Each structure stands twice: as C-alpha cells, then as structure tokens.
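Heads up: the structure comes next, in structure tokens.
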Amino acid sequence: MKLKIQARAKINWTLDVVGVLPNGYHDLDMLMQSVTLCDQMTMEDADELTLSVRMGGSFVPADETNLVLRAARALQQHSGCTKGARITLRKYIPVAAGMGGGSSDAAAALKGLNVLWGLGLDDDTLEEIGLTIGADVPFCIRGGLQRAQGVGERLTPVAMKRPLYIVAFQPCRGLSTKEVFTSLHEDGIRDEDRPDNEAAQRALENGDVRLLGRSLGNVLEPVSRRLRPDIDKAIRDIEAAGAVGARMTGSGSAVFGVFLHAGACRKAAQELQKTYPTCRMMRTAECGVVIEEE
Ligand code: ATP
C-alpha cells in the first residue's frame with residue numbers, strides 16, 4: 001500500500017493565557033484553524049522505519065528527533081506493532097513559525113501509519129498518543145476550527161459559516177515556543193493585548209469577517225515583536241494591503257491577515273510577495289490531515 005498525505009498548517013485566530021495549570025503549564029484559550037497550506041508526506045510498506053526530508057528554506061533533521069519518527073515510535077509502542085514504513089516528507093510549512101508544521105507532520109504520521117499498519121485506532125486514541133509528542137498534535141489530528149483549551153488538548157469544534165481567505169508568511173528568523181513563553185514571564189500580559197475569544201467565535205460562526213478582524217488577538221505577540229521587530233512591520237504591511245485583521249500566529253514568527261473576499265486576498269498576496277517572497281494565499285480548511293491511497 002502507498003499513501004499520499006497532506007499535513008496541513010494551522011493559524012491561531014486567537015491565543016490567550018488564562019492561568020497556570022496544576023502541572024505548571026500555561027492554561028490557554030485559543031481559536032485554532034486548519035489552513036490549506038500543507039507539507040506533503042508519502043508512506044509505503046517496508047521492513048524498517050525510515051524517513052527522508054526534502055525542504056525549501058530552513059533545516060529540519062531527518063533523524064529520530066524528527067516529530068514524524070517520534071510519533072511513529074510512540075504508535076509502535078502503544079500498539080505493539082513491529083512493522084516498518086518508508087516515509088518521505090516535503091516541507092512547505094515554515095519552520096518555527098507558529099504554524100504547527102512539526103505537530104501537523106506528527107499528526108499525519110499517526111493517522112497515516114494507523115491506516116498503513118491496519119491498527120484500527122480511533123481519533124481519540126491517536127490524540128492521546130499525539131499529546132505525548134506535542135500540545136498541538138491533538139488539534140492537528142482533529143483539524144478544522146476548534147476552541148482549544150488547557151495546553152491545547154481540550155478541543156471543542158466550532159461550526160464555521162463559510163471558508164475564509166488569508167495570506168500568511170514568516171517575515172524573519174523563526175522563534176522557539178519555549179523562548180517566547182520564558183520572555184512572557186518577564187514581560188507579563190497587558191489586558192489590552194488579550195483577544196475577545198467569545199466575539200471571535202461568534203464572528204466565525206456567523207461569517208462576520210469585520211467583527212473577526214476586530215476580535216483577533218494573541219498575548220504572545222508583544223513578546224515576539226520585541227524579539228523580532230520585523231513581525232511588527234509585517235503586520236502593518238498586511239493591514240496596508242487591505243486585510244480586515246492581521247496578527248501573529250502561535251508563538252510566531254509567522255503572521256497572517258484575513259480578507260473580505262478571495263479577490264482582495266489574491267491581490268494583497270501578489271503585492272506582499274514583492275517585499276515578502278514567501279507570502280502565500282490560502283483558505284481555511286475543514287480537516288488537518290488528508291489521506292489518499294495511490
Ligand atoms: P507550533 O506552532 O506547534 O508551536 P512551530 O511552527 O512553532 O510549532 P515547528 O515548525 O513545528 O514549530 O518546529 C519546531 C522545531 O521542531 C524546529 O526547531 C524543528 O527542528 C523541530 N522539528 C522536528 N520535527 C519537525 C518536523 N517534522 N517539521 C518541522 N520541525 C520539526
């Protein structure tokens with residue numbers, strides 16, 4: 001059997017830190033969204049488990065630290081399966097960007113190998129295994145539009161009125177999630193930087209893009225902007241190109257903007273590409289992982 005898999009990126013419409021969990025992790029409240037930008041993975045039957053990675057920009061290791069192999073090992077351990085797989089990964093999602101690239105690859109590996117190895121595990125079980133790899137992996141398995149709480153593992157689906165068009169790109173070097181959260185402790189959170197999660201959710205449910213634009217927010221943005229001033233300029237450039245709202249996603253360093261119509265979005269993407277060659281237009285997606293049998 002040979003599988004062709006799309007591992008989709010995500011953006012954060014919102015990201016708020018609402019407290020500290022008993023285990024010391026941040027208690028988050030976010031609206032997370034799968035988008036059509038994706039990494040491409042193939043997998044086929046083999047005796048050994050192997051991974052090869054091809055990429056455009058920055059470097060991702062193809063060794064056992066890669067989240068694809070970590071996910072595959074966790075699945076072997078959970079299921080007792082000793083089969084192998086030949087996996088290839090082509091990276092298109094920017095790295096250390098807050099677009100969930102590694103998490104999405106891990107989710108694709110879990111969902112794909114579940115099929116390839118005939119394990120018959122349900123998504124809830126895959127999400128539990130995924131959470132041992134990373135906090136965003138359960139979201140990437142579930143995909144679509146979700147209100148994500150806790151460390152991001154408590155997921156509630158939100159019904160979206162209609163697909164929306166966005167541009168996204170990484171205007172500068174990547175940022176590590178750990179570095180950003182450490183700096184957040186020093187800087188603290190100002191109330192005016194908090195998103196309005198309830199209004200943003202209502203806007204998505206009703207397809208009210210203007211209200212969505214006003215309700216976006218990410219409490220990590222001021223910290224990441226301080227660490228990478230290019231983020232600030234990129235957000236202003238997206239707004240100047242006609243977005244109804246623009247923000248940083250996750251812990252950065254990628255930024256996105258949402259538009260009223262596909263046409264306005266396409267025009268803005270063409271304009272922004274002159275300054276930011278990696279700028280891409282994309283659409284919201286209803287799931288995080290797409291599997292096709294070849
Ligand atoms: P998130 O949005 O989930 O916080 P991110 O987009 O900020 O994630 P990633 O692109 O997932 O960050 O990568 C973070 C780190 O993980 C990188 O330093 C990279 O070397 C490592 N990594 C391991 N496996 C992968 C993978 N398959 N794809 C991308 N990065 C990976």
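We name chains A, B, ... following the order of the structure tokens; residues begin at 1 in each chain, and ligands are numbered from 1 as shown.
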Requested in this report: Please identify all polymer residues within 10 Å of Val255 (chain A), counting only C-alpha atoms, omitting same-chain residues fewer than 3 positions from it, and present them as a PyMOL selection string.
Outcome: chain A and resi 11-12+97-99+167-171+221+231-232+234-235+238+246-250+252+279
**Report entry** Exercise answer, 6 Å around ligand 1 with only C-alpha atoms and all ligand atoms, as number ranges by chain
**Finding:** A: 60, 65-68, 95-103, 105, 136, 177, 250
Query raised in the report: Leaving out His78 (chain A) and any residue of its chain fewer than 5 positions from it, which residues lie within 10 Å of it when counting only C-alpha atoms, given as an MDAnalysis selection string?
Result: chainID A and resid 72:73 125:126 129
Just the selected residues (all heavy atoms), exported as a JSON list (two decimals), in the first residue's frame, please.
[["chain", "number", "residue", "atom", "x", "y", "z"],
["A", 72, "ALA", "N", 5.86, 7.96, 15.10],
["A", 72, "ALA", "CA", 5.83, 6.57, 14.64],
["A", 72, "ALA", "C", 6.28, 5.63, 15.76],
["A", 72, "ALA", "O", 5.68, 4.58, 15.99],
["A", 72, "ALA", "CB", 6.72, 6.41, 13.41],
["A", 73, "ARG", "N", 7.33, 6.02, 16.48],
["A", 73, "ARG", "CA", 7.82, 5.18, 17.59],
["A", 73, "ARG", "C", 6.77, 5.09, 18.70],
["A", 73, "ARG", "O", 6.56, 4.03, 19.28],
["A", 73, "ARG", "CB", 9.11, 5.76, 18.18],
["A", 73, "ARG", "CG", 10.29, 5.80, 17.21],
["A", 73, "ARG", "CD", 10.86, 4.43, 16.97],
["A", 73, "ARG", "NE", 11.97, 4.47, 16.01],
["A", 73, "ARG", "CZ", 12.26, 3.51, 15.16],
["A", 73, "ARG", "NH1", 11.55, 2.40, 15.11],
["A", 73, "ARG", "NH2", 13.30, 3.62, 14.34],
["A", 125, "THR", "N", -7.89, 8.00, 20.52],
["A", 125, "THR", "CA", -6.67, 7.29, 20.95],
["A", 125, "THR", "C", -5.45, 7.92, 20.28],
["A", 125, "THR", "O", -4.42, 8.14, 20.94],
["A", 125, "THR", "CB", -6.78, 5.79, 20.57],
["A", 125, "THR", "OG1", -8.00, 5.30, 21.09],
["A", 125, "THR", "CG2", -5.60, 4.99, 21.11],
["A", 126, "LEU", "N", -5.58, 8.25, 18.99],
["A", 126, "LEU", "CA", -4.45, 8.89, 18.30],
["A", 126, "LEU", "C", -4.13, 10.24, 18.93],
["A", 126, "LEU", "O", -2.96, 10.63, 19.06],
["A", 126, "LEU", "CB", -4.75, 9.06, 16.80],
["A", 126, "LEU", "CG", -4.92, 7.77, 16.00],
["A", 126, "LEU", "CD1", -5.26, 8.09, 14.55],
["A", 126, "LEU", "CD2", -3.68, 6.89, 16.06],
["A", 129, "ILE", "N", -2.10, 9.67, 22.08],
["A", 129, "ILE", "CA", -0.69, 9.37, 21.73],
["A", 129, "ILE", "C", -0.02, 10.66, 21.25],
["A", 129, "ILE", "O", 1.11, 10.98, 21.62],
["A", 129, "ILE", "CB", -0.61, 8.27, 20.65],
["A", 129, "ILE", "CG1", -1.28, 6.98, 21.15],
["A", 129, "ILE", "CG2", 0.85, 7.98, 20.26],
["A", 129, "ILE", "CD1", -1.51, 5.93, 20.06]]
Report task. Could you give me, as an MDAnalysis selection string, each residue of region 38-241 of chain A that DSSP assigns to helix (DSSP H, G or I) when run on this structure's backbone? Result -> chainID A and resid 67:79 101:116 123:131 137:142 177:187 191:193 197:206 209:215 221:227 230:240
**Report entry** Distance in Å - CA of Arg190 (chain A) versus CA of Thr156 (chain A)
**Finding:**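 Between CA of Arg190 (chain A) and CA of Thr156 (chain A) the gap is 26.6 Å.
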**Report entry** Close residues, Thr14 (chain A) itself excluded, 10 Å, only C-alpha atoms, min 4 positions apart in chain, as a VMD selection string
**Finding:** chain A and resid 29 to 33 147 to 148 194 to 197 200 to 201 212 215 to 219 247 to 250
Please save C-alpha atoms of the selected residues as a compact mmCIF listing (two decimals), in the first residue's frame.
# COMPACT_ATOMS: atom_id res chain seq x y z
CA ASP A 29 -7.75 29.59 25.43
CA MET A 30 -7.43 29.70 21.64
CA LEU A 31 -9.36 29.52 18.40
CA MET A 32 -7.27 27.31 16.12
CA GLN A 33 -7.84 26.90 12.39
CA ARG A 147 -11.72 26.17 20.50
CA ALA A 148 -8.61 24.74 22.20
CA ARG A 194 -6.00 39.85 25.15
CA PRO A 195 -8.23 38.61 22.32
CA ASP A 196 -12.01 38.65 22.59
CA ASN A 197 -12.48 34.88 22.20
CA ALA A 200 -14.18 35.97 17.55
CA GLN A 201 -16.03 32.67 17.90
CA LEU A 212 -13.50 38.70 13.33
CA SER A 215 -11.60 40.39 17.71
CA LEU A 216 -8.31 38.71 16.75
CA GLY A 217 -5.56 38.79 19.36
CA ASN A 218 -2.52 36.95 20.63
CA VAL A 219 -0.99 37.66 24.05
CA ARG A 247 -1.89 39.04 13.63
CA MET A 248 0.94 36.74 14.55
CA THR A 249 0.07 33.02 14.79
CA GLY A 250 1.03 30.86 17.80
Query raised in the report: region 156-242 of chain A: which residues are strand (DSSP E) by DSSP, as a ChimeraX atom specification?
Result: /A:156-157,165-169,217-218
Polymer residues at most 10 Å from Leu113 (chain A), only C-alpha atoms, same-chain spacing of 5 or more positions, as a PDB file with C-alpha atoms, in the first residue's frame:
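This is the output file result_35.pdb:
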ATOM      1  CA  LEU A   3      -0.358   6.595   0.915  1.00  0.00           C
ATOM      2  CA  MET A  43       4.403   6.356   3.177  1.00  0.00           C
ATOM      3  CA  GLU A  44       4.636   2.788   1.977  1.00  0.00           C
ATOM      4  CA  ASP A  45       5.209  -0.690   3.411  1.00  0.00           C
ATOM      5  CA  ALA A  71       5.175   9.835  16.505  1.00  0.00           C
ATOM      6  CA  ALA A  72       5.826   6.571  14.638  1.00  0.00           C
ATOM      7  CA  LEU A  75       2.496   4.434  17.858  1.00  0.00           C
ATOM      8  CA  GLN A  76       4.639   1.273  17.682  1.00  0.00           C
ATOM      9  CA  LYS A  83       6.097  -3.165  11.065  1.00  0.00           C
ATOM     10  CA  GLY A  84       8.205  -0.547   9.322  1.00  0.00           C
ATOM     11  CA  ALA A  85       7.424   2.135   6.730  1.00  0.00           C
ATOM     12  CA  ILE A  87       8.241   7.755   4.794  1.00  0.00           C
ATOM     13  CA  ALA A 107      -0.477  14.041  13.254  1.00  0.00           C
ATOM     14  CA  ALA A 108      -0.121  12.901   9.617  1.00  0.00           C
ATOM     15  CA  GLY A 118      -4.137  -1.650   9.816  1.00  0.00           C
ATOM     16  CA  LEU A 119      -4.296  -0.739  13.510  1.00  0.00           C
TER      17      LEU A 119
END
Requested in this report: Within 10 Å of Lys178 (chain A), counting only C-alpha atoms, which residues show up once you throw out same-chain ones fewer than 5 positions away? Write them as number ranges by chain, please.
Outcome: A: 183-184, 251
**Report entry** Neighbour list for Met281 (chain A) as a PyMOL selection string, cut-off 8 Å, only C-alpha atoms, skip fewer than 5 positions in-chain
**Finding:** chain A and resi 165-168+265-266+269
With N, CA and C atoms retained, could you export that selection as a PDB file, in the first residue's frame?
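Once written, again_33.pdb looks like this:
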ATOM      1  N   TYR A 165     -10.453  33.564   3.433  1.00  0.00           N
ATOM      2  CA  TYR A 165      -9.201  33.639   2.671  1.00  0.00           C
ATOM      3  C   TYR A 165      -8.177  34.432   3.459  1.00  0.00           C
ATOM      4  N   ILE A 166      -6.987  33.884   3.529  1.00  0.00           N
ATOM      5  CA  ILE A 166      -5.932  34.561   4.293  1.00  0.00           C
ATOM      6  C   ILE A 166      -4.609  34.554   3.515  1.00  0.00           C
ATOM      7  N   VAL A 167      -3.728  35.460   3.911  1.00  0.00           N
ATOM      8  CA  VAL A 167      -2.328  35.371   3.485  1.00  0.00           C
ATOM      9  C   VAL A 167      -1.513  35.079   4.743  1.00  0.00           C
ATOM     10  N   ALA A 168      -0.403  34.375   4.572  1.00  0.00           N
ATOM     11  CA  ALA A 168       0.475  34.120   5.718  1.00  0.00           C
ATOM     12  C   ALA A 168       1.900  33.988   5.214  1.00  0.00           C
ATOM     13  N   CYS A 265      -7.864  39.154  -1.373  1.00  0.00           N
ATOM     14  CA  CYS A 265      -6.772  38.374  -0.774  1.00  0.00           C
ATOM     15  C   CYS A 265      -5.695  38.085  -1.826  1.00  0.00           C
ATOM     16  N   ARG A 266      -6.137  37.688  -3.018  1.00  0.00           N
ATOM     17  CA  ARG A 266      -5.187  37.367  -4.102  1.00  0.00           C
ATOM     18  C   ARG A 266      -4.357  38.599  -4.470  1.00  0.00           C
ATOM     19  N   ALA A 269      -1.847  39.298  -1.755  1.00  0.00           N
ATOM     20  CA  ALA A 269      -0.747  38.320  -1.762  1.00  0.00           C
ATOM     21  C   ALA A 269       0.275  38.705  -2.831  1.00  0.00           C
TER      22      ALA A 269
END
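The spacing separating CA of Ala74 (chain A) from CA of Gly144 (chain A) amounts to 24.4 Å.
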**Report entry** Residue with smallest distance to Ala254 (chain A) - pool A:Leu175, A:Leu116, A:Ile189, A:Ala203, counting only C-alpha atoms
**Finding:** A:Leu175
